[in-house]
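All remarks here apply to the structure that follows.
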Amino acid sequence: MPSRIAPVLGGPASIVETACPLDCPDACSLAVTVQRGRVLEIDGSHKNPVTGGYICAKVRKFGERVYGPDRLLYPAVRRGAKGAGQFKRVPWDEALELIVDRFRCAKRDTGGESILPYSYGGSNGLLTQDNLDAQLWCRFGTSRLARTVCAAPTGAANLALYGKMPSVTYQDYPDAKLIVLWGVNPSASGIHLIPFVREAQKRGAKLIVVDPRSTAMARAADIHLPVQPGTDVVVALAIHRYLFANGFADEAFLRDHTRGAGPLRERAEPWTITEAAALAGLDPEMLERAADLYATSSPALIRCGWGLERNRNGGNAAMAVLALPAVGGKFGVRGGGYSMSNSASWNIDRSWIDSSEPSTRLVNMNHLGRALTEYTDPPVKVLFVYNCNPAATVPDQKRVLRGLEREDLFTVVFEQVMTDTALYADVVLPATTFLEGYDFARAYGPIHLDLGRQVVDAVGESRSNADVFGELCTRLGLLTEHEPAGELDLMVHILDQLPGTIGNDLRNGRPPAPPFGLAPIQFVDVFPNTPDRKVNLFARELDETAPAGLYAYQPDPATDRYPLALISPASERTVSSTLGELPRPDVKLLMNPDDALERGLVDGDYVRVFNALGEVHCPLHVAPMIRRGTVSLPKGLWRRSVRNNTTGTALVPDTLTDLGGGACFNDARVQVASLATA
Ligand SMILES: Nc1nc2c(c(=O)[nH]1)N[C@H]1C(S)=C(S)[C@@H](COP(=O)(O)OP(=O)(O)OC[C@H]3O[C@@H](n4cnc5c(=O)[nH]c(N)nc54)[C@H](O)[C@@H]3O)O[C@H]1N2
Ligand SMILES: Nc1nc2c(c(=O)[nH]1)N[C@H]1C(S)=C(S)[C@@H](COP(=O)(O)OP(=O)(O)OC[C@H]3O[C@@H](n4cnc5c(=O)[nH]c(N)nc54)[C@H](O)[C@@H]3O)O[C@H]1N2
Ligand code: SF4
Ligand SMILES: [Mo]
């Protein structure tokens with residue numbers, strides 16, 4: 001679709017190379033056409049071979065965010081009621097002094113812990129988070145934030161089993177003879193994987209997709225297992241059982257490279273193919289075929305996504321899925337093993353800042369609503385939001401909004417655009433986008449690191465995170481003389497600190513590589529980063545902390561009143577809620593025809609999707625692309641794109657996953673009724 005930013009100016013155009021740091025696995029290399037200092041067109045470049053010259057439609061339209069009507073251009077303070085979005089422009093100096101003053105008062109009156117910094121991966125780059133911001137919070141002694149809204153359960157599983165060993169990159173997919181896409185929809189969430197999967201299929205590889213929806217990849221698969229959300233743990237355990245029971249477990253590998261195979265086998269024992277299929281709502285023959293295909297194929301590769309983690313059993317699901325290649329003996333060959341987040345592969349996290357851990361209160365970000373409305377020891381008095389849009393993206397939206405409405409809460413929102421959260425701010429600070437500054441874009445699908453360069457001047461008075469956090473630190477007297485205090489300083493400092501030749505390579509525009517290369521073979525080039533270098537199939541400490549133990553299944557939260565599982569996966573239109581400000585005519589609830597028939601609903605009906613926490617009003621899309629008993633809304637909706645100003649997160653309980661304290665987005669259980677009859 002052509003961009004709505006028209007080339008109005010004329011004159012010579014130039015192309016600037018940069019990289020996309022958004023929260024997407026691919027970290028594309030970009031070629032941005034600039035004319036008279038304005039972004040004209042954004043496209044993929046060939047610098048990164050995985051990008052291969054093309055990018056997603058959403059970032060092609062990123063210029064509409066940069067110059068759009070929602071862009072924040074200057075600091076402002078609230079004038080009207082909270083949430084009304086009425087602000088008065090103020091100079092940066094006044095805004096920052098106000099914030100510094102409120103920080104000092106909060107610390108004096110209710111203690112540093114009454115300040116809650118709140119952030120996630122808005123721009124996922126190394127310069128926009130975990131540096132001067134972290135220093136500010138740590139040195140001022142604020143509450144700490146457990147960043148758990150995403151990847152906490154899969155991260156906990158990957159850490160426990162393999163110490164986050166680097167995993168199979170996109171380029172190695174064509175070597176696989178079997179690819180399992182488990183709870184991942186790369187057609188939306190990491191589009192550059194698709195050609196590599198297609199290439200593998202062309203060379204004869206089989207494809208299995210495990211997903212309650214019939215995604216494009218599921219339709220192209222040899223076997224599609226449309227699991228009931230939240231049941232992956234038992235499906236994976238049934239495959240383990242099949243491997244053990246039929247002589248497919250790799251005993252030599254288990255002996256030499258793993259610990260804890262015995263207890264894993266015991267936990268898998270009750271899950272026969274029949275039992276697991278019944279619970280997960282699958283055809284047992286299909287499940288057995290999938291187990292057999294996995295057992296007998298090599299190289300066999302599992303791409304574990306994040307769709308399977310967003311429920312009460314998410315951690316154990318990731319444990320059971322990620323343990324499969326160890327039991328099945330799938331490592332040691334190119335195209336075999338697993339893919340999970342590769343973000344830890346560079347081993348460079350936060351090495352450039354003072355990382356002394358304070359012991360202040362740790363707040364789980366999934367409990368924001370609770371923290372704002374219930375915490376008393378001390379209550380949250382100052383909330384500082386950046387890189388995040390919690391009014392749209394975290395569980396229990398109504399409670400979050402109730403918290404943000406508190407008159408005695410001082411909220412700072414540091415943002416690029418007037419988000420649902422920024423509307424509730426007492427002070428808004430305008431942030432640059434990645435096209436207006438430097439950043440390190442680190443892929444978490446492929447193993448790739450690139451330096452994003454400034455393409456155009458900062459729009460309006462917007463400033464980068466590093467500059468603003470550096471200035472806040474300086475105003476509060478928290479930095480020593482030789483520490484970096486802004487974006488350029490910090491970039492140079494990081495380039496100097498990066499291990500090996502990485503910094504030099506980035507300076508010179510060469511693609512850097514970690515010591516084990518850009519396409520490591522698991523158990524040849526890389527090994528588990530666990531203390532004994534073995535796969536820990538049964539981490540005792542997790543068995544103790546998980547509510548029902550390791551590899552346990554906790555029952556579905558559905559009730560007679562709210563029988564439908566509501567899921568909210570990534571859509572092509574936004575990255576989480578980023579770009580959600582652009583007009584969006586297509587917000588619909590997807591429902592299976594049998595569920596619609598049972599409720600007397602037809603395609604195009606206006607419906608209410610509701611439970612005890614809230615309700616969403618939207619049109620209905622009836623299609624067999626989703627399993628019976630499950631309905632779906634897109635993730636990352638802005639409130640204004642839904643008729644009643646409420647999005648899917650309003651229906652999500654703030655319960656936590658079994659491991660890692662993650663969000664249970666897909667544990668929302670709802671009923672759907674026609675709006676006319678409601
Ligand atoms: N276009 C786009 N790209 C994105 C993002 C985006 O919002 N938009 N977000 C980025 C981010 S932050 C992330 S974390 C990744 C996420 O990317 P993915 O790993 O693809 O995660 P999801 O989109 O949450 O869900 C993936 C699939 O899991 C299915 N699913 C839901 N519940 C279950 C379940 O219980 N079991 C199984 N097996 N499948 C289930 C969904 O139907 C969906 O098709 O994508 C990143 N890329
Ligand atoms: N219903 C439902 N909700 C979900 C999920 C789901 O599956 N279902 N998935 C969740 C997932 S996977 C994730 S990762 C979370 C993400 O949720 P969030 O962390 O809230 O991510 P975004 O919605 O992208 O919001 C990031 C914000 O940061 C801002 N930003 C970007 N770069 C910068 C910068 O350099 N400086 C500053 N100050 N701001 C910047 C952007 O403008 C944007 O508004 O959403 C979760 N929400
Ligand atoms: S969002 Fe993902 S696919 Fe789109 S340009 Fe950025 S890295 Fe590439
Ligand atoms: Mo995410």
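How things are named: the first chain in the structure tokens is A, the next is B, and so on; residues count from 1 in each chain; ligands count from 1 in the order shown.
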
Can I get the residues close to ligand 2 as an MDAnalysis selection string, where close means within 7 Å and we count only C-alpha atoms and all ligand atoms? chainID A and resid 23 119:123 128 149:150 310 386:390 392:394 414:417 419 431:434 464:465 567:570 575:578 635:636 648:649 665

Atoms kept (C-alpha atoms) for selection, written as a CSV table (one decimal), in the first residue's frame:
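Okay, this is what ended up in selection.csv:
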```csv
chain,number,residue,atom,x,y,z
A,23,ASP,CA,10.5,-5.4,19.0
A,119,SER,CA,9.0,0.3,30.6
A,120,TYR,CA,9.3,-2.5,28.1
A,121,GLY,CA,10.8,-2.9,24.6
A,122,GLY,CA,9.2,-0.1,22.6
A,123,SER,CA,12.4,0.3,20.6
A,128,THR,CA,17.0,3.1,24.3
A,149,VAL,CA,4.9,-8.9,30.0
A,150,CYS,CA,6.6,-11.0,27.3
A,310,ARG,CA,0.8,-16.6,27.4
A,386,TYR,CA,8.7,5.0,28.7
A,387,ASN,CA,9.1,2.5,25.9
A,388,CYS,CA,5.7,1.1,26.8
A,389,ASN,CA,2.0,1.8,26.4
A,390,PRO,CA,0.5,-0.1,29.4
A,392,ALA,CA,-3.2,-0.7,25.8
A,393,THR,CA,-0.8,-3.6,26.4
A,394,VAL,CA,-0.9,-5.0,29.9
A,414,PHE,CA,7.9,9.8,27.7
A,415,GLU,CA,6.6,8.9,24.3
A,416,GLN,CA,6.7,9.4,20.5
A,417,VAL,CA,2.9,9.8,20.1
A,419,THR,CA,-0.8,7.0,23.3
A,431,ALA,CA,10.8,11.1,22.4
A,432,THR,CA,12.6,10.7,19.1
A,433,THR,CA,11.9,7.7,16.9
A,434,PHE,CA,14.7,5.4,15.7
A,464,SER,CA,16.3,10.5,22.8
A,465,ASN,CA,16.0,8.4,25.9
A,567,ILE,CA,-6.4,-15.2,22.4
A,568,SER,CA,-4.8,-12.0,21.0
A,569,PRO,CA,-1.9,-12.7,18.8
A,570,ALA,CA,0.4,-10.3,16.9
A,575,VAL,CA,4.2,-4.0,16.6
A,576,SER,CA,2.5,-4.6,19.9
A,577,SER,CA,0.6,-1.2,20.0
A,578,THR,CA,3.2,0.7,18.1
A,635,LYS,CA,-3.0,-7.7,20.0
A,636,GLY,CA,-1.9,-4.1,20.5
A,648,GLY,CA,-8.8,-7.2,24.5
A,649,THR,CA,-6.5,-6.5,27.5
A,665,PHE,CA,-3.1,-13.0,27.9
```

Name all residues at most 7 Å from stretch 405-413 of chain A (count only C-alpha atoms; drop same-chain ones fewer than 4 positions away) and give them as a ChimeraX atom specification. /A:82,381-386,401,422,424-429

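Relative to atom CA of A:His617, atom CA of A:Glu598 is found at 19.3 Å.
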
Which residues are near ligand 1 - at most 7 Å, using only C-alpha atoms and all ligand atoms? Format: as a compact mmCIF listing (two decimals) with all heavy atoms, in the first residue's frame.
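What ended up in selection-v2.txt:
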```txt
# COMPACT_ATOMS: atom_id res chain seq x y z
N ASP A 23 10.56 -4.07 18.34
CA ASP A 23 10.48 -5.38 18.99
C ASP A 23 9.96 -6.42 18.01
O ASP A 23 8.78 -6.77 18.00
CB ASP A 23 9.57 -5.28 20.23
CG ASP A 23 9.66 -6.51 21.09
OD1 ASP A 23 10.22 -7.52 20.63
OD2 ASP A 23 9.17 -6.47 22.23
N CYS A 24 10.84 -6.87 17.16
CA CYS A 24 10.53 -7.85 16.11
C CYS A 24 11.79 -8.69 15.97
O CYS A 24 12.89 -8.15 16.08
CB CYS A 24 10.21 -7.10 14.81
SG CYS A 24 10.23 -8.13 13.33
N PRO A 25 11.67 -10.00 15.72
CA PRO A 25 12.88 -10.83 15.70
C PRO A 25 13.88 -10.47 14.60
O PRO A 25 15.05 -10.82 14.68
CB PRO A 25 12.33 -12.25 15.44
CG PRO A 25 10.87 -12.19 15.73
CD PRO A 25 10.44 -10.77 15.55
N CYS A 150 6.30 -10.12 28.46
CA CYS A 150 6.56 -11.00 27.32
C CYS A 150 7.85 -11.75 27.58
O CYS A 150 8.76 -11.23 28.23
CB CYS A 150 6.71 -10.14 26.07
SG CYS A 150 7.23 -11.04 24.62
N ALA A 151 7.91 -12.98 27.05
CA ALA A 151 9.16 -13.76 27.04
C ALA A 151 9.67 -14.17 28.42
O ALA A 151 10.76 -14.73 28.52
CB ALA A 151 10.26 -13.03 26.28
N TRP A 182 5.87 -23.93 16.52
CA TRP A 182 5.06 -24.22 17.72
C TRP A 182 4.68 -22.90 18.39
O TRP A 182 5.53 -22.24 18.99
CB TRP A 182 5.84 -25.12 18.67
CG TRP A 182 4.94 -25.86 19.62
CD1 TRP A 182 3.90 -25.35 20.33
CD2 TRP A 182 5.00 -27.27 19.94
NE1 TRP A 182 3.29 -26.34 21.07
CE2 TRP A 182 3.94 -27.52 20.85
CE3 TRP A 182 5.81 -28.32 19.55
CZ2 TRP A 182 3.70 -28.79 21.39
CZ3 TRP A 182 5.58 -29.58 20.09
CH2 TRP A 182 4.52 -29.81 21.00
N GLY A 183 3.41 -22.52 18.27
CA GLY A 183 2.95 -21.29 18.92
C GLY A 183 3.62 -20.07 18.37
O GLY A 183 3.95 -19.14 19.12
N VAL A 184 3.82 -20.03 17.07
CA VAL A 184 4.46 -18.87 16.45
C VAL A 184 3.83 -18.66 15.09
O VAL A 184 3.49 -19.63 14.40
CB VAL A 184 5.99 -19.10 16.34
CG1 VAL A 184 6.32 -20.25 15.39
CG2 VAL A 184 6.72 -17.84 15.93
N ASN A 185 3.66 -17.40 14.73
CA ASN A 185 3.04 -17.09 13.45
C ASN A 185 3.93 -16.13 12.65
O ASN A 185 3.64 -14.93 12.57
CB ASN A 185 1.65 -16.47 13.68
CG ASN A 185 1.00 -16.09 12.37
OD1 ASN A 185 1.26 -16.69 11.33
ND2 ASN A 185 0.15 -15.08 12.41
N PRO A 186 5.02 -16.66 12.08
CA PRO A 186 5.98 -15.76 11.44
C PRO A 186 5.39 -14.96 10.28
O PRO A 186 5.95 -13.92 9.94
CB PRO A 186 7.09 -16.70 10.95
CG PRO A 186 6.50 -18.07 10.96
CD PRO A 186 5.44 -18.06 12.01
N ALA A 188 3.09 -13.02 10.44
CA ALA A 188 2.89 -11.68 11.01
C ALA A 188 4.10 -11.24 11.81
O ALA A 188 4.54 -10.11 11.70
CB ALA A 188 1.66 -11.67 11.91
N SER A 189 4.67 -12.16 12.60
CA SER A 189 5.57 -11.72 13.68
C SER A 189 7.06 -11.78 13.37
O SER A 189 7.87 -11.37 14.19
CB SER A 189 5.28 -12.53 14.94
OG SER A 189 5.57 -13.88 14.70
N GLY A 190 7.42 -12.26 12.20
CA GLY A 190 8.84 -12.32 11.83
C GLY A 190 8.92 -12.80 10.40
O GLY A 190 9.35 -13.92 10.12
N VAL A 210 1.69 -26.01 15.24
CA VAL A 210 0.86 -26.20 16.44
C VAL A 210 0.28 -24.84 16.80
O VAL A 210 0.99 -23.94 17.26
CB VAL A 210 1.71 -26.74 17.62
CG1 VAL A 210 0.80 -27.14 18.77
CG2 VAL A 210 2.57 -27.91 17.17
N ASP A 211 -0.99 -24.67 16.56
CA ASP A 211 -1.61 -23.34 16.70
C ASP A 211 -3.13 -23.49 16.68
O ASP A 211 -3.67 -24.15 15.80
CB ASP A 211 -1.15 -22.44 15.53
CG ASP A 211 -1.38 -20.96 15.80
OD1 ASP A 211 -2.50 -20.59 16.16
OD2 ASP A 211 -0.43 -20.18 15.62
N PRO A 212 -3.83 -22.85 17.62
CA PRO A 212 -5.30 -22.94 17.59
C PRO A 212 -5.92 -22.27 16.36
O PRO A 212 -7.08 -22.52 16.04
CB PRO A 212 -5.75 -22.23 18.87
CG PRO A 212 -4.57 -21.54 19.42
CD PRO A 212 -3.34 -22.09 18.78
N ARG A 213 -5.13 -21.44 15.70
CA ARG A 213 -5.64 -20.80 14.49
C ARG A 213 -5.06 -21.49 13.26
O ARG A 213 -3.96 -22.02 13.29
CB ARG A 213 -5.23 -19.32 14.45
CG ARG A 213 -5.85 -18.49 15.53
CD ARG A 213 -5.55 -17.02 15.32
NE ARG A 213 -4.11 -16.78 15.19
CZ ARG A 213 -3.59 -15.73 14.54
NH1 ARG A 213 -4.37 -14.85 13.96
NH2 ARG A 213 -2.27 -15.58 14.49
N THR A 215 -3.36 -20.55 10.62
CA THR A 215 -2.55 -19.48 10.04
C THR A 215 -2.12 -19.87 8.62
O THR A 215 -2.28 -21.03 8.22
CB THR A 215 -1.29 -19.25 10.88
OG1 THR A 215 -0.59 -20.50 10.93
CG2 THR A 215 -1.63 -18.81 12.30
N VAL A 227 -4.36 -26.93 18.68
CA VAL A 227 -4.51 -27.18 20.12
C VAL A 227 -5.44 -26.19 20.80
O VAL A 227 -5.50 -25.02 20.44
CB VAL A 227 -3.15 -27.08 20.86
CG1 VAL A 227 -2.29 -28.28 20.59
CG2 VAL A 227 -2.44 -25.78 20.53
N GLN A 228 -6.11 -26.67 21.82
CA GLN A 228 -6.81 -25.78 22.74
C GLN A 228 -5.74 -24.93 23.44
O GLN A 228 -4.75 -25.47 23.94
CB GLN A 228 -7.59 -26.64 23.76
CG GLN A 228 -8.09 -25.92 24.99
CD GLN A 228 -9.28 -24.99 24.68
OE1 GLN A 228 -9.90 -25.11 23.63
NE2 GLN A 228 -9.55 -24.08 25.61
N PRO A 229 -5.89 -23.58 23.46
CA PRO A 229 -4.86 -22.76 24.11
C PRO A 229 -4.56 -23.24 25.53
O PRO A 229 -5.47 -23.58 26.28
CB PRO A 229 -5.49 -21.37 24.14
CG PRO A 229 -6.44 -21.36 22.99
CD PRO A 229 -6.97 -22.77 22.88
N GLY A 230 -3.28 -23.27 25.86
CA GLY A 230 -2.89 -23.63 27.23
C GLY A 230 -2.61 -25.11 27.44
O GLY A 230 -2.28 -25.51 28.55
N THR A 231 -2.73 -25.92 26.37
CA THR A 231 -2.55 -27.36 26.56
C THR A 231 -1.24 -27.88 25.96
O THR A 231 -1.00 -29.09 25.94
CB THR A 231 -3.72 -28.15 25.93
OG1 THR A 231 -3.75 -27.87 24.52
CG2 THR A 231 -5.05 -27.79 26.54
N ASP A 232 -0.38 -27.00 25.47
CA ASP A 232 0.84 -27.45 24.80
C ASP A 232 1.71 -28.35 25.68
O ASP A 232 2.37 -29.24 25.17
CB ASP A 232 1.68 -26.24 24.37
CG ASP A 232 0.90 -25.34 23.44
OD1 ASP A 232 0.97 -25.55 22.22
OD2 ASP A 232 0.17 -24.46 23.94
N GLY A 305 7.71 -20.45 19.64
CA GLY A 305 7.32 -19.04 19.64
C GLY A 305 6.87 -18.60 21.01
O GLY A 305 7.16 -19.24 22.03
N TRP A 306 6.13 -17.50 21.01
CA TRP A 306 5.68 -16.92 22.27
C TRP A 306 4.18 -17.12 22.49
O TRP A 306 3.68 -16.84 23.57
CB TRP A 306 6.05 -15.43 22.31
CG TRP A 306 7.54 -15.26 22.37
CD1 TRP A 306 8.29 -15.18 23.51
CD2 TRP A 306 8.47 -15.19 21.28
NE1 TRP A 306 9.62 -15.06 23.18
CE2 TRP A 306 9.75 -15.07 21.83
CE3 TRP A 306 8.34 -15.24 19.88
CZ2 TRP A 306 10.90 -14.97 21.03
CZ3 TRP A 306 9.49 -15.15 19.10
CH2 TRP A 306 10.74 -15.01 19.67
N GLY A 307 3.49 -17.62 21.46
CA GLY A 307 2.04 -17.82 21.59
C GLY A 307 1.72 -18.85 22.65
O GLY A 307 0.67 -18.80 23.29
N LEU A 308 2.62 -19.81 22.85
CA LEU A 308 2.33 -20.89 23.78
C LEU A 308 2.63 -20.52 25.23
O LEU A 308 2.28 -21.24 26.15
CB LEU A 308 3.10 -22.16 23.39
CG LEU A 308 4.63 -22.12 23.32
CD1 LEU A 308 5.29 -22.14 24.65
CD2 LEU A 308 5.11 -23.30 22.49
N GLU A 309 3.30 -19.37 25.43
CA GLU A 309 3.69 -19.00 26.81
C GLU A 309 2.65 -18.16 27.53
O GLU A 309 2.74 -17.98 28.74
CB GLU A 309 5.01 -18.23 26.81
CG GLU A 309 4.85 -16.78 26.35
CD GLU A 309 6.04 -15.87 26.71
OE1 GLU A 309 7.16 -16.35 26.87
OE2 GLU A 309 5.80 -14.65 26.82
N ARG A 310 1.67 -17.64 26.79
CA ARG A 310 0.82 -16.61 27.37
C ARG A 310 -0.40 -17.20 28.10
O ARG A 310 -1.53 -16.82 27.87
CB ARG A 310 0.35 -15.65 26.27
CG ARG A 310 1.50 -15.15 25.39
CD ARG A 310 1.09 -13.97 24.57
NE ARG A 310 1.96 -13.71 23.44
CZ ARG A 310 3.18 -13.18 23.49
NH1 ARG A 310 3.70 -12.89 24.66
NH2 ARG A 310 3.88 -12.96 22.40
N ASN A 311 -0.14 -18.17 28.94
CA ASN A 311 -1.22 -18.80 29.71
C ASN A 311 -0.61 -19.41 30.97
O ASN A 311 0.61 -19.50 31.10
CB ASN A 311 -1.94 -19.85 28.87
CG ASN A 311 -1.01 -20.98 28.49
OD1 ASN A 311 -0.69 -21.84 29.32
ND2 ASN A 311 -0.52 -20.98 27.25
N ILE A 567 -7.88 -15.43 22.56
CA ILE A 567 -6.44 -15.21 22.35
C ILE A 567 -6.26 -13.88 21.61
O ILE A 567 -7.20 -13.36 21.01
CB ILE A 567 -5.77 -16.37 21.59
CG1 ILE A 567 -6.41 -16.57 20.21
CG2 ILE A 567 -5.85 -17.65 22.40
CD1 ILE A 567 -5.68 -17.56 19.33
N SER A 568 -5.05 -13.31 21.67
CA SER A 568 -4.83 -12.00 21.04
C SER A 568 -3.42 -11.94 20.46
O SER A 568 -2.55 -11.29 21.00
CB SER A 568 -5.08 -10.88 22.03
OG SER A 568 -4.54 -11.17 23.29
N PRO A 569 -3.20 -12.67 19.36
CA PRO A 569 -1.86 -12.74 18.77
C PRO A 569 -1.47 -11.49 17.99
O PRO A 569 -2.29 -10.63 17.69
CB PRO A 569 -1.96 -13.96 17.84
CG PRO A 569 -3.40 -14.16 17.57
CD PRO A 569 -4.17 -13.54 18.69
N ALA A 570 -0.18 -11.43 17.64
CA ALA A 570 0.38 -10.32 16.86
C ALA A 570 -0.33 -10.22 15.52
O ALA A 570 -0.69 -11.22 14.91
CB ALA A 570 1.87 -10.58 16.62
N SER A 571 -0.54 -8.98 15.08
CA SER A 571 -1.16 -8.77 13.77
C SER A 571 -0.17 -8.07 12.84
O SER A 571 0.84 -7.53 13.28
CB SER A 571 -2.41 -7.91 13.90
OG SER A 571 -2.07 -6.55 13.90
N GLU A 572 -0.47 -8.07 11.56
CA GLU A 572 0.42 -7.44 10.57
C GLU A 572 0.46 -5.93 10.72
O GLU A 572 1.34 -5.29 10.21
CB GLU A 572 -0.06 -7.75 9.14
CG GLU A 572 0.16 -9.17 8.67
CD GLU A 572 -0.97 -10.09 9.07
OE1 GLU A 572 -1.87 -9.67 9.85
OE2 GLU A 572 -0.97 -11.25 8.61
N ARG A 573 -0.53 -5.36 11.40
CA ARG A 573 -0.67 -3.90 11.36
C ARG A 573 0.19 -3.15 12.35
O ARG A 573 0.52 -1.99 12.14
CB ARG A 573 -2.13 -3.53 11.62
CG ARG A 573 -2.99 -3.91 10.46
CD ARG A 573 -4.19 -3.02 10.47
NE ARG A 573 -4.92 -3.16 9.24
CZ ARG A 573 -5.11 -2.18 8.38
NH1 ARG A 573 -4.60 -0.99 8.62
NH2 ARG A 573 -5.80 -2.38 7.30
N THR A 574 0.48 -3.78 13.49
CA THR A 574 1.22 -3.06 14.53
C THR A 574 2.38 -3.91 15.02
O THR A 574 2.44 -5.11 14.75
CB THR A 574 0.31 -2.79 15.75
OG1 THR A 574 -0.14 -4.06 16.27
CG2 THR A 574 -0.90 -1.94 15.40
N VAL A 575 3.31 -3.28 15.73
CA VAL A 575 4.25 -4.04 16.55
C VAL A 575 3.80 -3.77 17.98
O VAL A 575 3.91 -2.64 18.46
CB VAL A 575 5.71 -3.58 16.37
CG1 VAL A 575 6.64 -4.44 17.21
CG2 VAL A 575 6.10 -3.63 14.91
N SER A 576 3.27 -4.77 18.64
CA SER A 576 2.52 -4.57 19.88
C SER A 576 1.52 -3.44 19.62
O SER A 576 0.74 -3.56 18.69
CB SER A 576 3.45 -4.35 21.07
OG SER A 576 4.22 -5.53 21.25
N SER A 577 1.58 -2.31 20.36
CA SER A 577 0.61 -1.25 20.02
C SER A 577 1.26 -0.14 19.18
O SER A 577 0.61 0.86 18.89
CB SER A 577 -0.02 -0.66 21.28
OG SER A 577 0.88 0.23 21.90
N LYS A 635 -3.73 -8.32 18.95
CA LYS A 635 -2.96 -7.71 20.03
C LYS A 635 -2.64 -6.25 19.70
O LYS A 635 -2.58 -5.88 18.53
CB LYS A 635 -1.67 -8.52 20.17
CG LYS A 635 -0.43 -7.83 20.63
CD LYS A 635 0.76 -8.76 20.45
CE LYS A 635 2.08 -8.05 20.68
NZ LYS A 635 3.22 -8.91 20.36
N GLY A 636 -2.46 -5.44 20.72
CA GLY A 636 -1.92 -4.09 20.51
C GLY A 636 -2.91 -3.06 20.01
O GLY A 636 -2.51 -2.02 19.51
N ASN A 666 -3.68 -15.18 27.07
CA ASN A 666 -4.58 -16.13 26.43
C ASN A 666 -5.36 -16.99 27.42
O ASN A 666 -6.01 -17.96 27.04
CB ASN A 666 -3.78 -17.01 25.44
CG ASN A 666 -3.19 -16.15 24.32
OD1 ASN A 666 -3.63 -15.02 24.12
ND2 ASN A 666 -2.21 -16.68 23.62
```

Spatial neighbours of stretch 451-454 of chain A, max dist 8 Å, only C-alpha atoms, sep filter under 2 positions, as number ranges by chain: A: 17-21, 434-441, 449, 456-457, 506

Mind dumping the selected residues with N, CA and C atoms as a compact mmCIF listing (two decimals), in the first residue's frame?
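Output below, filename result_5.txt:
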```
# COMPACT_ATOMS: atom_id res chain seq x y z
N GLU A 17 21.25 4.49 4.97
CA GLU A 17 21.13 3.12 5.50
C GLU A 17 21.00 3.16 7.01
N THR A 18 20.05 2.39 7.54
CA THR A 18 19.96 2.26 8.99
C THR A 18 19.41 0.87 9.32
N ALA A 19 18.95 0.67 10.55
CA ALA A 19 18.45 -0.64 10.94
C ALA A 19 17.22 -0.48 11.81
N CYS A 20 16.33 -1.45 11.76
CA CYS A 20 15.08 -1.37 12.51
C CYS A 20 15.24 -1.99 13.90
N PRO A 21 15.09 -1.19 14.95
CA PRO A 21 15.26 -1.72 16.30
C PRO A 21 13.95 -2.11 16.99
N PHE A 434 13.39 5.95 16.03
CA PHE A 434 14.71 5.41 15.65
C PHE A 434 15.26 6.06 14.39
N LEU A 435 14.42 6.77 13.63
CA LEU A 435 14.92 7.45 12.44
C LEU A 435 15.60 8.77 12.78
N GLU A 436 15.46 9.18 14.05
CA GLU A 436 15.97 10.49 14.46
C GLU A 436 17.17 10.37 15.40
N GLY A 437 17.72 9.19 15.53
CA GLY A 437 18.87 9.03 16.43
C GLY A 437 19.61 7.74 16.13
N TYR A 438 20.57 7.43 17.00
CA TYR A 438 21.35 6.20 16.84
C TYR A 438 20.76 5.10 17.70
N ASP A 439 20.97 3.89 17.29
CA ASP A 439 20.62 2.77 18.16
C ASP A 439 21.31 1.50 17.66
N PHE A 440 21.44 0.54 18.56
CA PHE A 440 21.96 -0.75 18.17
C PHE A 440 20.77 -1.68 18.00
N ALA A 441 20.58 -2.17 16.79
CA ALA A 441 19.46 -3.08 16.54
C ALA A 441 19.98 -4.51 16.63
N LEU A 449 23.54 -8.09 14.48
CA LEU A 449 23.62 -6.84 15.25
C LEU A 449 24.04 -5.73 14.30
N VAL A 456 17.12 11.53 9.94
CA VAL A 456 16.64 12.91 9.86
C VAL A 456 16.80 13.57 11.23
N ASP A 457 16.69 14.89 11.26
CA ASP A 457 16.77 15.60 12.53
C ASP A 457 15.57 15.24 13.40
N LEU A 506 31.19 -2.49 13.67
CA LEU A 506 30.02 -1.62 13.55
C LEU A 506 30.43 -0.22 13.09
```

Can you pull out every residue within 9 Å of A:Asn158, counting only C-alpha atoms, but drop anything in the same chain fewer than 4 positions away, and send it as a PyMOL selection string? chain A and resi 153-154+162-165+318-319+322+340-341

Counting only C-alpha atoms, what is within 12 Å of A:Pro583, bar same-chain residues fewer than 6 positions away, as JSON, numbers by chain? {"A": [4, 61, 64, 65, 68, 69, 70, 573, 574, 637, 638, 639, 640, 641, 642]}

Could you tell me, counting only C-alpha atoms and all ligand atoms, which protein and nucleic acid residues lie no more than 6 Å from ligand 3, written as a list in words?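 Residues satisfying the distance criterion: Cys20, Leu22, Cys24, Asp26, Ala27, Cys28, Ile55, Cys56, Val59, Gly190 and Ile191 of chain A.
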
Per-residue DSSP, stretch 271-514 of chain A, filtered to helix (DSSP H, G or I), as a PyMOL selection string: chain A and resi 273-280+284-296+307-309+314-328+343-346+365-374+390-393+397-404+422-424+434-436+465-475+487-497+502-507
